[in-house]
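A.B. asks: Below is the file data_32.pdb, which contains PDB, N, CA and C atoms, pLDDT in the B column.
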```
ATOM      1  N   MET A   4       0.843  -1.171   0.000  1.00 90.00           N
ATOM      2  CA  MET A   4       0.000   0.000   0.000  1.00 90.00           C
ATOM      3  C   MET A   4       0.888   1.234   0.000  1.00 90.00           C
ATOM      4  N   VAL A   5       0.516   2.201  -0.817  1.00 89.00           N
ATOM      5  CA  VAL A   5       1.216   3.481  -0.877  1.00 89.00           C
ATOM      6  C   VAL A   5       0.253   4.554  -0.404  1.00 89.00           C
ATOM      7  N   ILE A   6       0.681   5.348   0.561  1.00 90.00           N
ATOM      8  CA  ILE A   6      -0.137   6.460   1.057  1.00 90.00           C
ATOM      9  C   ILE A   6       0.468   7.754   0.532  1.00 90.00           C
ATOM     10  N   LEU A   7      -0.342   8.528  -0.170  1.00 94.00           N
ATOM     11  CA  LEU A   7       0.120   9.787  -0.754  1.00 94.00           C
ATOM     12  C   LEU A   7      -0.574  10.962  -0.077  1.00 94.00           C
ATOM     13  N   PRO A   8       0.195  11.903   0.462  1.00 95.00           N
ATOM     14  CA  PRO A   8      -0.428  13.139   0.949  1.00 95.00           C
ATOM     15  C   PRO A   8      -1.030  13.891  -0.234  1.00 95.00           C
ATOM     16  N   ALA A   9      -2.173  14.504  -0.009  1.00 94.00           N
ATOM     17  CA  ALA A   9      -2.869  15.191  -1.096  1.00 94.00           C
ATOM     18  C   ALA A   9      -2.937  16.693  -0.856  1.00 94.00           C
ATOM     19  N   ILE A  10      -2.797  17.427  -1.936  1.00 96.00           N
ATOM     20  CA  ILE A  10      -2.994  18.869  -1.926  1.00 96.00           C
ATOM     21  C   ILE A  10      -4.058  19.173  -2.975  1.00 96.00           C
ATOM     22  N   ASP A  11      -5.211  19.618  -2.527  1.00 96.00           N
ATOM     23  CA  ASP A  11      -6.296  20.014  -3.433  1.00 96.00           C
ATOM     24  C   ASP A  11      -6.233  21.533  -3.582  1.00 96.00           C
ATOM     25  N   LEU A  12      -6.150  22.005  -4.822  1.00 97.00           N
ATOM     26  CA  LEU A  12      -5.984  23.432  -5.082  1.00 97.00           C
ATOM     27  C   LEU A  12      -7.271  24.067  -5.601  1.00 97.00           C
ATOM     28  N   LYS A  13      -7.639  25.179  -4.992  1.00 96.00           N
ATOM     29  CA  LYS A  13      -8.785  25.988  -5.432  1.00 96.00           C
ATOM     30  C   LYS A  13      -8.395  27.441  -5.247  1.00 96.00           C
ATOM     31  N   ASP A  14      -8.447  28.210  -6.307  1.00 94.00           N
ATOM     32  CA  ASP A  14      -8.071  29.630  -6.252  1.00 94.00           C
ATOM     33  C   ASP A  14      -6.676  29.821  -5.678  1.00 94.00           C
ATOM     34  N   GLY A  15      -5.746  28.904  -5.987  1.00 94.00           N
ATOM     35  CA  GLY A  15      -4.364  29.010  -5.541  1.00 94.00           C
ATOM     36  C   GLY A  15      -4.133  28.665  -4.083  1.00 94.00           C
ATOM     37  N   LYS A  16      -5.121  28.071  -3.433  1.00 96.00           N
ATOM     38  CA  LYS A  16      -5.014  27.730  -2.009  1.00 96.00           C
ATOM     39  C   LYS A  16      -5.215  26.233  -1.804  1.00 96.00           C
ATOM     40  N   CYS A  17      -4.675  25.711  -0.720  1.00 97.00           N
ATOM     41  CA  CYS A  17      -4.885  24.319  -0.335  1.00 97.00           C
ATOM     42  C   CYS A  17      -6.216  24.229   0.397  1.00 97.00           C
ATOM     43  N   VAL A  18      -7.105  23.402  -0.130  1.00 97.00           N
ATOM     44  CA  VAL A  18      -8.454  23.331   0.429  1.00 97.00           C
ATOM     45  C   VAL A  18      -8.883  21.877   0.616  1.00 97.00           C
ATOM     46  N   ARG A  19      -9.965  21.727   1.318  1.00 95.00           N
ATOM     47  CA  ARG A  19     -10.667  20.441   1.417  1.00 95.00           C
ATOM     48  C   ARG A  19     -12.141  20.741   1.236  1.00 95.00           C
ATOM     49  N   LEU A  20     -12.786  20.013   0.337  1.00 94.00           N
ATOM     50  CA  LEU A  20     -14.215  20.174   0.107  1.00 94.00           C
ATOM     51  C   LEU A  20     -14.959  19.117   0.914  1.00 94.00           C
ATOM     52  N   ARG A  21     -16.020  19.502   1.538  1.00 94.00           N
ATOM     53  CA  ARG A  21     -16.845  18.533   2.263  1.00 94.00           C
ATOM     54  C   ARG A  21     -17.822  17.912   1.274  1.00 94.00           C
ATOM     55  N   GLN A  22     -17.705  16.619   1.094  1.00 94.00           N
ATOM     56  CA  GLN A  22     -18.538  15.860   0.182  1.00 94.00           C
ATOM     57  C   GLN A  22     -18.534  16.458  -1.228  1.00 94.00           C
ATOM     58  N   GLY A  23     -17.379  17.010  -1.634  1.00 86.00           N
ATOM     59  CA  GLY A  23     -17.220  17.543  -2.978  1.00 86.00           C
ATOM     60  C   GLY A  23     -17.906  18.862  -3.255  1.00 86.00           C
ATOM     61  N   ARG A  24     -18.416  19.518  -2.223  1.00 90.00           N
ATOM     62  CA  ARG A  24     -19.156  20.777  -2.423  1.00 90.00           C
ATOM     63  C   ARG A  24     -18.241  21.987  -2.216  1.00 90.00           C
ATOM     64  N   VAL A  25     -18.115  22.798  -3.248  1.00 88.00           N
ATOM     65  CA  VAL A  25     -17.298  24.011  -3.169  1.00 88.00           C
ATOM     66  C   VAL A  25     -17.868  24.972  -2.127  1.00 88.00           C
ATOM     67  N   ALA A  26     -19.175  24.971  -1.953  1.00 90.00           N
ATOM     68  CA  ALA A  26     -19.812  25.859  -0.973  1.00 90.00           C
ATOM     69  C   ALA A  26     -19.434  25.474   0.460  1.00 90.00           C
ATOM     70  N   ASP A  27     -18.952  24.255   0.648  1.00 94.00           N
ATOM     71  CA  ASP A  27     -18.566  23.779   1.976  1.00 94.00           C
ATOM     72  C   ASP A  27     -17.070  23.461   1.956  1.00 94.00           C
ATOM     73  N   MET A  28     -16.254  24.511   1.866  1.00 94.00           N
ATOM     74  CA  MET A  28     -14.817  24.391   1.665  1.00 94.00           C
ATOM     75  C   MET A  28     -14.060  24.937   2.871  1.00 94.00           C
ATOM     76  N   THR A  29     -12.990  24.235   3.251  1.00 96.00           N
ATOM     77  CA  THR A  29     -12.090  24.699   4.301  1.00 96.00           C
ATOM     78  C   THR A  29     -10.740  24.993   3.670  1.00 96.00           C
ATOM     79  N   VAL A  30     -10.177  26.177   3.915  1.00 96.00           N
ATOM     80  CA  VAL A  30      -8.842  26.538   3.426  1.00 96.00           C
ATOM     81  C   VAL A  30      -7.831  26.159   4.501  1.00 96.00           C
ATOM     82  N   TYR A  31      -6.855  25.334   4.107  1.00 95.00           N
ATOM     83  CA  TYR A  31      -5.828  24.886   5.048  1.00 95.00           C
ATOM     84  C   TYR A  31      -4.530  25.663   4.916  1.00 95.00           C
ATOM     85  N   SER A  32      -4.285  26.223   3.738  1.00 95.00           N
ATOM     86  CA  SER A  32      -3.050  26.985   3.532  1.00 95.00           C
ATOM     87  C   SER A  32      -3.222  27.907   2.332  1.00 95.00           C
ATOM     88  N   ASP A  33      -2.629  29.088   2.423  1.00 96.00           N
ATOM     89  CA  ASP A  33      -2.608  30.025   1.300  1.00 96.00           C
ATOM     90  C   ASP A  33      -1.363  29.818   0.436  1.00 96.00           C
ATOM     91  N   ASP A  34      -0.482  28.890   0.840  1.00 96.00           N
ATOM     92  CA  ASP A  34       0.790  28.683   0.150  1.00 96.00           C
ATOM     93  C   ASP A  34       0.990  27.199  -0.168  1.00 96.00           C
ATOM     94  N   PRO A  35       0.496  26.748  -1.317  1.00 96.00           N
ATOM     95  CA  PRO A  35       0.614  25.332  -1.676  1.00 96.00           C
ATOM     96  C   PRO A  35       2.062  24.840  -1.753  1.00 96.00           C
ATOM     97  N   ALA A  36       2.979  25.674  -2.228  1.00 95.00           N
ATOM     98  CA  ALA A  36       4.379  25.254  -2.321  1.00 95.00           C
ATOM     99  C   ALA A  36       4.952  24.987  -0.929  1.00 95.00           C
ATOM    100  N   GLU A  37       4.608  25.817   0.026  1.00 96.00           N
ATOM    101  CA  GLU A  37       5.075  25.603   1.398  1.00 96.00           C
ATOM    102  C   GLU A  37       4.460  24.324   1.973  1.00 96.00           C
ATOM    103  N   GLN A  38       3.191  24.073   1.679  1.00 96.00           N
ATOM    104  CA  GLN A  38       2.556  22.836   2.157  1.00 96.00           C
ATOM    105  C   GLN A  38       3.250  21.619   1.567  1.00 96.00           C
ATOM    106  N   ALA A  39       3.618  21.699   0.295  1.00 96.00           N
ATOM    107  CA  ALA A  39       4.353  20.595  -0.332  1.00 96.00           C
ATOM    108  C   ALA A  39       5.696  20.384   0.348  1.00 96.00           C
ATOM    109  N   ARG A  40       6.397  21.472   0.658  1.00 97.00           N
ATOM    110  CA  ARG A  40       7.683  21.351   1.362  1.00 97.00           C
ATOM    111  C   ARG A  40       7.506  20.703   2.731  1.00 97.00           C
ATOM    112  N   ILE A  41       6.426  21.021   3.419  1.00 96.00           N
ATOM    113  CA  ILE A  41       6.149  20.418   4.730  1.00 96.00           C
ATOM    114  C   ILE A  41       5.960  18.913   4.580  1.00 96.00           C
ATOM    115  N   TRP A  42       5.147  18.485   3.598  1.00 95.00           N
ATOM    116  CA  TRP A  42       4.946  17.046   3.390  1.00 95.00           C
ATOM    117  C   TRP A  42       6.256  16.351   3.065  1.00 95.00           C
ATOM    118  N   VAL A  43       7.074  16.947   2.207  1.00 96.00           N
ATOM    119  CA  VAL A  43       8.362  16.348   1.829  1.00 96.00           C
ATOM    120  C   VAL A  43       9.281  16.267   3.052  1.00 96.00           C
ATOM    121  N   ALA A  44       9.315  17.315   3.861  1.00 97.00           N
ATOM    122  CA  ALA A  44      10.139  17.304   5.071  1.00 97.00           C
ATOM    123  C   ALA A  44       9.698  16.210   6.047  1.00 97.00           C
ATOM    124  N   GLN A  45       8.426  15.840   5.983  1.00 95.00           N
ATOM    125  CA  GLN A  45       7.907  14.779   6.844  1.00 95.00           C
ATOM    126  C   GLN A  45       8.075  13.395   6.223  1.00 95.00           C
ATOM    127  N   GLY A  46       8.746  13.336   5.062  1.00 94.00           N
ATOM    128  CA  GLY A  46       9.087  12.046   4.472  1.00 94.00           C
ATOM    129  C   GLY A  46       8.331  11.644   3.227  1.00 94.00           C
ATOM    130  N   ALA A  47       7.454  12.477   2.728  1.00 95.00           N
ATOM    131  CA  ALA A  47       6.698  12.120   1.526  1.00 95.00           C
ATOM    132  C   ALA A  47       7.624  12.075   0.310  1.00 95.00           C
ATOM    133  N   ALA A  48       7.575  10.976  -0.419  1.00 94.00           N
ATOM    134  CA  ALA A  48       8.356  10.842  -1.646  1.00 94.00           C
ATOM    135  C   ALA A  48       7.541  11.290  -2.860  1.00 94.00           C
ATOM    136  N   GLN A  49       6.216  11.288  -2.714  1.00 96.00           N
ATOM    137  CA  GLN A  49       5.313  11.696  -3.778  1.00 96.00           C
ATOM    138  C   GLN A  49       4.155  12.467  -3.167  1.00 96.00           C
ATOM    139  N   LEU A  50       3.527  13.315  -3.979  1.00 96.00           N
ATOM    140  CA  LEU A  50       2.343  14.053  -3.559  1.00 96.00           C
ATOM    141  C   LEU A  50       1.247  13.867  -4.610  1.00 96.00           C
ATOM    142  N   HIS A  51       0.018  13.866  -4.156  1.00 96.00           N
ATOM    143  CA  HIS A  51      -1.136  13.824  -5.064  1.00 96.00           C
ATOM    144  C   HIS A  51      -1.705  15.240  -5.095  1.00 96.00           C
ATOM    145  N   VAL A  52      -1.620  15.905  -6.243  1.00 96.00           N
ATOM    146  CA  VAL A  52      -2.075  17.288  -6.374  1.00 96.00           C
ATOM    147  C   VAL A  52      -3.293  17.318  -7.298  1.00 96.00           C
ATOM    148  N   VAL A  53      -4.364  17.947  -6.822  1.00 96.00           N
ATOM    149  CA  VAL A  53      -5.603  18.042  -7.588  1.00 96.00           C
ATOM    150  C   VAL A  53      -5.900  19.514  -7.863  1.00 96.00           C
ATOM    151  N   ASP A  54      -6.057  19.863  -9.126  1.00 97.00           N
ATOM    152  CA  ASP A  54      -6.428  21.215  -9.532  1.00 97.00           C
ATOM    153  C   ASP A  54      -7.954  21.256  -9.644  1.00 97.00           C
ATOM    154  N   LEU A  55      -8.632  21.633  -8.579  1.00 96.00           N
ATOM    155  CA  LEU A  55     -10.089  21.648  -8.572  1.00 96.00           C
ATOM    156  C   LEU A  55     -10.654  22.650  -9.566  1.00 96.00           C
ATOM    157  N   ASP A  56     -10.001  23.798  -9.714  1.00 95.00           N
ATOM    158  CA  ASP A  56     -10.447  24.785 -10.706  1.00 95.00           C
ATOM    159  C   ASP A  56     -10.326  24.202 -12.110  1.00 95.00           C
ATOM    160  N   GLY A  57      -9.201  23.551 -12.375  1.00 95.00           N
ATOM    161  CA  GLY A  57      -8.976  22.940 -13.677  1.00 95.00           C
ATOM    162  C   GLY A  57      -9.954  21.820 -13.970  1.00 95.00           C
ATOM    163  N   ALA A  58     -10.258  21.030 -12.957  1.00 93.00           N
ATOM    164  CA  ALA A  58     -11.221  19.936 -13.137  1.00 93.00           C
ATOM    165  C   ALA A  58     -12.599  20.489 -13.496  1.00 93.00           C
ATOM    166  N   ALA A  59     -12.943  21.625 -12.937  1.00 91.00           N
ATOM    167  CA  ALA A  59     -14.259  22.226 -13.183  1.00 91.00           C
ATOM    168  C   ALA A  59     -14.389  22.815 -14.592  1.00 91.00           C
ATOM    169  N   CYS A  60     -13.263  23.334 -15.133  1.00 93.00           N
ATOM    170  CA  CYS A  60     -13.356  23.993 -16.436  1.00 93.00           C
ATOM    171  C   CYS A  60     -12.663  23.230 -17.570  1.00 93.00           C
ATOM    172  N   GLY A  61     -11.986  22.128 -17.255  1.00 94.00           N
ATOM    173  CA  GLY A  61     -11.409  21.294 -18.296  1.00 94.00           C
ATOM    174  C   GLY A  61     -10.035  21.705 -18.792  1.00 94.00           C
ATOM    175  N   LYS A  62      -9.338  22.590 -18.074  1.00 95.00           N
ATOM    176  CA  LYS A  62      -7.974  22.934 -18.436  1.00 95.00           C
ATOM    177  C   LYS A  62      -7.185  23.261 -17.171  1.00 95.00           C
ATOM    178  N   ILE A  63      -5.865  23.162 -17.251  1.00 94.00           N
ATOM    179  CA  ILE A  63      -5.007  23.411 -16.083  1.00 94.00           C
ATOM    180  C   ILE A  63      -5.107  24.877 -15.684  1.00 94.00           C
ATOM    181  N   ILE A  64      -5.374  25.118 -14.402  1.00 94.00           N
ATOM    182  CA  ILE A  64      -5.498  26.486 -13.887  1.00 94.00           C
ATOM    183  C   ILE A  64      -4.405  26.779 -12.856  1.00 94.00           C
ATOM    184  N   ASN A  65      -4.135  25.839 -11.964  1.00 91.00           N
ATOM    185  CA  ASN A  65      -3.236  26.073 -10.817  1.00 91.00           C
ATOM    186  C   ASN A  65      -1.834  25.508 -11.029  1.00 91.00           C
ATOM    187  N   LEU A  66      -1.293  25.599 -12.239  1.00 87.00           N
ATOM    188  CA  LEU A  66       0.027  25.051 -12.527  1.00 87.00           C
ATOM    189  C   LEU A  66       1.131  25.774 -11.769  1.00 87.00           C
ATOM    190  N   ASP A  67       1.065  27.091 -11.717  1.00 84.00           N
ATOM    191  CA  ASP A  67       2.123  27.863 -11.030  1.00 84.00           C
ATOM    192  C   ASP A  67       2.196  27.487  -9.568  1.00 84.00           C
TER     193      ASP A  67
END
```
Could you write out this file's structure as structure tokens?

C.D. replies:
Amino acid sequence: MVILPAIDLKDGKCVRLRQGRVADMTVYSDDPAEQARIWVAQGAAQLHVVDLDGAACGKIINLD
């Protein structure tokens, strides 16, 4: 089994949606790159990154 820390991106922020609803969103960090560094410092070899904005409109939005 491989466990991957996940970073879900919405409007350039790390978020979690409750039951997939954007209206019920919690922001965990305003700095996704810093969150990625934290996961790596804690031993993560890989990260699962989801561009929620991109998924909604069909093109990459949060690449930067």

A.B. asks: Could you check the closest approach to Lys13 of chain A for each of A:Asp27, A:Asp33, A:Asp67, A:Asp56 and tell me which residue wins, using all atoms listed in the file?

C.D. replies: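 Using all atoms listed in the file, the shortest distance to Lys13 of chain A belongs to A:Asp56.
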
A.B. asks: For atom C of Ser32 of chain A and atom CA of Met4 of chain A, determine how far apart the two atoms are, in Å to one decimal place.

C.D. replies: 28.2 Å

A.B. asks: I'd like the neighbourhood of Asp14 of chain A as a list in words, where a residue qualifies if any of its atoms comes within 12 Å (using only C-alpha atoms), though same-chain residues fewer than 3 positions away should be ignored.

C.D. replies: Asp11, Cys17, Val18, Val25, Met28, Val30, Ser32, Asp33, Asp34, Pro35, Val53, Asp54, Leu55, Asp56, Gly57, Ala59, Ile64, Asn65, Leu66 and Asp67 of chain A

A.B. asks: In Å, with one decimal, what is the gap from atom N of Val43 of chain A to atom C of Gly61 of chain A?

C.D. replies: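 These two atoms are separated by 27.5 Å.
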
A.B. asks: Decode the PyMOL selection byres ((chain A and resi 44-51) around 5) for the given file into explicit residues and return them as a list in words.

C.D. replies: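 Answer for the PyMOL selection byres ((chain A and resi 44-51) around 5): Pro8, Ala9, Ile10, Arg40, Ile41, Trp42, Val43, Val52 and Val53 of chain A.
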
A.B. asks: Please identify the strand (DSSP E or B) residues within chain A (assignment by DSSP from backbone atoms) and present them as a list in words.

C.D. replies: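 Written out, the strand (DSSP E or B) residues of chain A are Ala9, Ile10, Asp11, Leu12, Lys13, Lys16, Cys17, Val18, Arg19, Leu20, Arg21, Arg24, Val25, Ala26, Asp27, Met28, Thr29, Val30, Tyr31, Ser32, His51, Val52, Val53 and Asp54 of chain A.
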
A.B. asks: From the DSSP assignment of the backbone, select every residue of chain A that is alpha helix (DSSP H), and format the answer as a list in words.

C.D. replies: Pro35, Ala36, Glu37, Gln38, Ala39, Arg40, Ile41, Trp42, Val43, Ala44, Leu55, Asp56, Gly57, Ala58, Ala59 and Cys60 of chain A

A.B. asks: Between atom N of Ile6 of chain A and atom N of Ala36 of chain A, measure the distance and give it in Å to one decimal.

C.D. replies: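 Interatomic distance, atom N of Ile6 of chain A to atom N of Ala36 of chain A: 20.6 Å.
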
A.B. asks: Box for segment 47-61 of chain A - axis-aligned, 6 Å on each of the six sides, all listed atoms - centre and size in Å to one decimal, as lines of an AutoDock Vina configuration file.

C.D. replies:
```
center_x = -3.0
center_y = 17.8
center_z = -8.0
size_x = 34.7
size_y = 25.9
size_z = 33.5
```

A.B. asks: Can you complete the atoms of segment 9-29 of chain A to N, CA, C and O atoms and list them as a PDB file, in the frame of the given file?

C.D. replies:
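The new file result10.pdb reads:
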```pdb
ATOM      1  N   ALA A   9      -2.173  14.504  -0.009  1.00 94.00           N
ATOM      2  CA  ALA A   9      -2.869  15.191  -1.096  1.00 94.00           C
ATOM      3  C   ALA A   9      -2.937  16.693  -0.856  1.00 94.00           C
ATOM      4  O   ALA A   9      -3.101  17.146   0.275  1.00 94.00           O
ATOM      5  N   ILE A  10      -2.797  17.427  -1.936  1.00 96.00           N
ATOM      6  CA  ILE A  10      -2.994  18.869  -1.926  1.00 96.00           C
ATOM      7  C   ILE A  10      -4.058  19.173  -2.975  1.00 96.00           C
ATOM      8  O   ILE A  10      -3.841  18.952  -4.165  1.00 96.00           O
ATOM      9  N   ASP A  11      -5.211  19.618  -2.527  1.00 96.00           N
ATOM     10  CA  ASP A  11      -6.296  20.014  -3.433  1.00 96.00           C
ATOM     11  C   ASP A  11      -6.233  21.533  -3.582  1.00 96.00           C
ATOM     12  O   ASP A  11      -6.247  22.255  -2.580  1.00 96.00           O
ATOM     13  N   LEU A  12      -6.150  22.005  -4.822  1.00 97.00           N
ATOM     14  CA  LEU A  12      -5.984  23.432  -5.082  1.00 97.00           C
ATOM     15  C   LEU A  12      -7.271  24.067  -5.601  1.00 97.00           C
ATOM     16  O   LEU A  12      -7.892  23.571  -6.543  1.00 97.00           O
ATOM     17  N   LYS A  13      -7.639  25.179  -4.992  1.00 96.00           N
ATOM     18  CA  LYS A  13      -8.785  25.988  -5.432  1.00 96.00           C
ATOM     19  C   LYS A  13      -8.395  27.441  -5.247  1.00 96.00           C
ATOM     20  O   LYS A  13      -8.004  27.852  -4.148  1.00 96.00           O
ATOM     21  N   ASP A  14      -8.447  28.210  -6.307  1.00 94.00           N
ATOM     22  CA  ASP A  14      -8.071  29.630  -6.252  1.00 94.00           C
ATOM     23  C   ASP A  14      -6.676  29.821  -5.678  1.00 94.00           C
ATOM     24  O   ASP A  14      -6.413  30.766  -4.937  1.00 94.00           O
ATOM     25  N   GLY A  15      -5.746  28.904  -5.987  1.00 94.00           N
ATOM     26  CA  GLY A  15      -4.364  29.010  -5.541  1.00 94.00           C
ATOM     27  C   GLY A  15      -4.133  28.665  -4.083  1.00 94.00           C
ATOM     28  O   GLY A  15      -3.060  28.920  -3.553  1.00 94.00           O
ATOM     29  N   LYS A  16      -5.121  28.071  -3.433  1.00 96.00           N
ATOM     30  CA  LYS A  16      -5.014  27.730  -2.009  1.00 96.00           C
ATOM     31  C   LYS A  16      -5.215  26.233  -1.804  1.00 96.00           C
ATOM     32  O   LYS A  16      -5.863  25.566  -2.612  1.00 96.00           O
ATOM     33  N   CYS A  17      -4.675  25.711  -0.720  1.00 97.00           N
ATOM     34  CA  CYS A  17      -4.885  24.319  -0.335  1.00 97.00           C
ATOM     35  C   CYS A  17      -6.216  24.229   0.397  1.00 97.00           C
ATOM     36  O   CYS A  17      -6.405  24.902   1.412  1.00 97.00           O
ATOM     37  N   VAL A  18      -7.105  23.402  -0.130  1.00 97.00           N
ATOM     38  CA  VAL A  18      -8.454  23.331   0.429  1.00 97.00           C
ATOM     39  C   VAL A  18      -8.883  21.877   0.616  1.00 97.00           C
ATOM     40  O   VAL A  18      -8.265  20.953   0.094  1.00 97.00           O
ATOM     41  N   ARG A  19      -9.965  21.727   1.318  1.00 95.00           N
ATOM     42  CA  ARG A  19     -10.667  20.441   1.417  1.00 95.00           C
ATOM     43  C   ARG A  19     -12.141  20.741   1.236  1.00 95.00           C
ATOM     44  O   ARG A  19     -12.683  21.649   1.878  1.00 95.00           O
ATOM     45  N   LEU A  20     -12.786  20.013   0.337  1.00 94.00           N
ATOM     46  CA  LEU A  20     -14.215  20.174   0.107  1.00 94.00           C
ATOM     47  C   LEU A  20     -14.959  19.117   0.914  1.00 94.00           C
ATOM     48  O   LEU A  20     -14.557  17.961   0.944  1.00 94.00           O
ATOM     49  N   ARG A  21     -16.020  19.502   1.538  1.00 94.00           N
ATOM     50  CA  ARG A  21     -16.845  18.533   2.263  1.00 94.00           C
ATOM     51  C   ARG A  21     -17.822  17.912   1.274  1.00 94.00           C
ATOM     52  O   ARG A  21     -18.635  18.634   0.669  1.00 94.00           O
ATOM     53  N   GLN A  22     -17.705  16.619   1.094  1.00 94.00           N
ATOM     54  CA  GLN A  22     -18.538  15.860   0.182  1.00 94.00           C
ATOM     55  C   GLN A  22     -18.534  16.458  -1.228  1.00 94.00           C
ATOM     56  O   GLN A  22     -19.543  16.449  -1.929  1.00 94.00           O
ATOM     57  N   GLY A  23     -17.379  17.010  -1.634  1.00 86.00           N
ATOM     58  CA  GLY A  23     -17.220  17.543  -2.978  1.00 86.00           C
ATOM     59  C   GLY A  23     -17.906  18.862  -3.255  1.00 86.00           C
ATOM     60  O   GLY A  23     -17.955  19.304  -4.396  1.00 86.00           O
ATOM     61  N   ARG A  24     -18.416  19.518  -2.223  1.00 90.00           N
ATOM     62  CA  ARG A  24     -19.156  20.777  -2.423  1.00 90.00           C
ATOM     63  C   ARG A  24     -18.241  21.987  -2.216  1.00 90.00           C
ATOM     64  O   ARG A  24     -17.705  22.185  -1.121  1.00 90.00           O
ATOM     65  N   VAL A  25     -18.115  22.798  -3.248  1.00 88.00           N
ATOM     66  CA  VAL A  25     -17.298  24.011  -3.169  1.00 88.00           C
ATOM     67  C   VAL A  25     -17.868  24.972  -2.127  1.00 88.00           C
ATOM     68  O   VAL A  25     -17.121  25.687  -1.460  1.00 88.00           O
ATOM     69  N   ALA A  26     -19.175  24.971  -1.953  1.00 90.00           N
ATOM     70  CA  ALA A  26     -19.812  25.859  -0.973  1.00 90.00           C
ATOM     71  C   ALA A  26     -19.434  25.474   0.460  1.00 90.00           C
ATOM     72  O   ALA A  26     -19.572  26.292   1.365  1.00 90.00           O
ATOM     73  N   ASP A  27     -18.952  24.255   0.648  1.00 94.00           N
ATOM     74  CA  ASP A  27     -18.566  23.779   1.976  1.00 94.00           C
ATOM     75  C   ASP A  27     -17.070  23.461   1.956  1.00 94.00           C
ATOM     76  O   ASP A  27     -16.658  22.308   1.995  1.00 94.00           O
ATOM     77  N   MET A  28     -16.254  24.511   1.866  1.00 94.00           N
ATOM     78  CA  MET A  28     -14.817  24.391   1.665  1.00 94.00           C
ATOM     79  C   MET A  28     -14.060  24.937   2.871  1.00 94.00           C
ATOM     80  O   MET A  28     -14.422  25.971   3.426  1.00 94.00           O
ATOM     81  N   THR A  29     -12.990  24.235   3.251  1.00 96.00           N
ATOM     82  CA  THR A  29     -12.090  24.699   4.301  1.00 96.00           C
ATOM     83  C   THR A  29     -10.740  24.993   3.670  1.00 96.00           C
ATOM     84  O   THR A  29     -10.201  24.157   2.947  1.00 96.00           O
TER      85      THR A  29
END
```
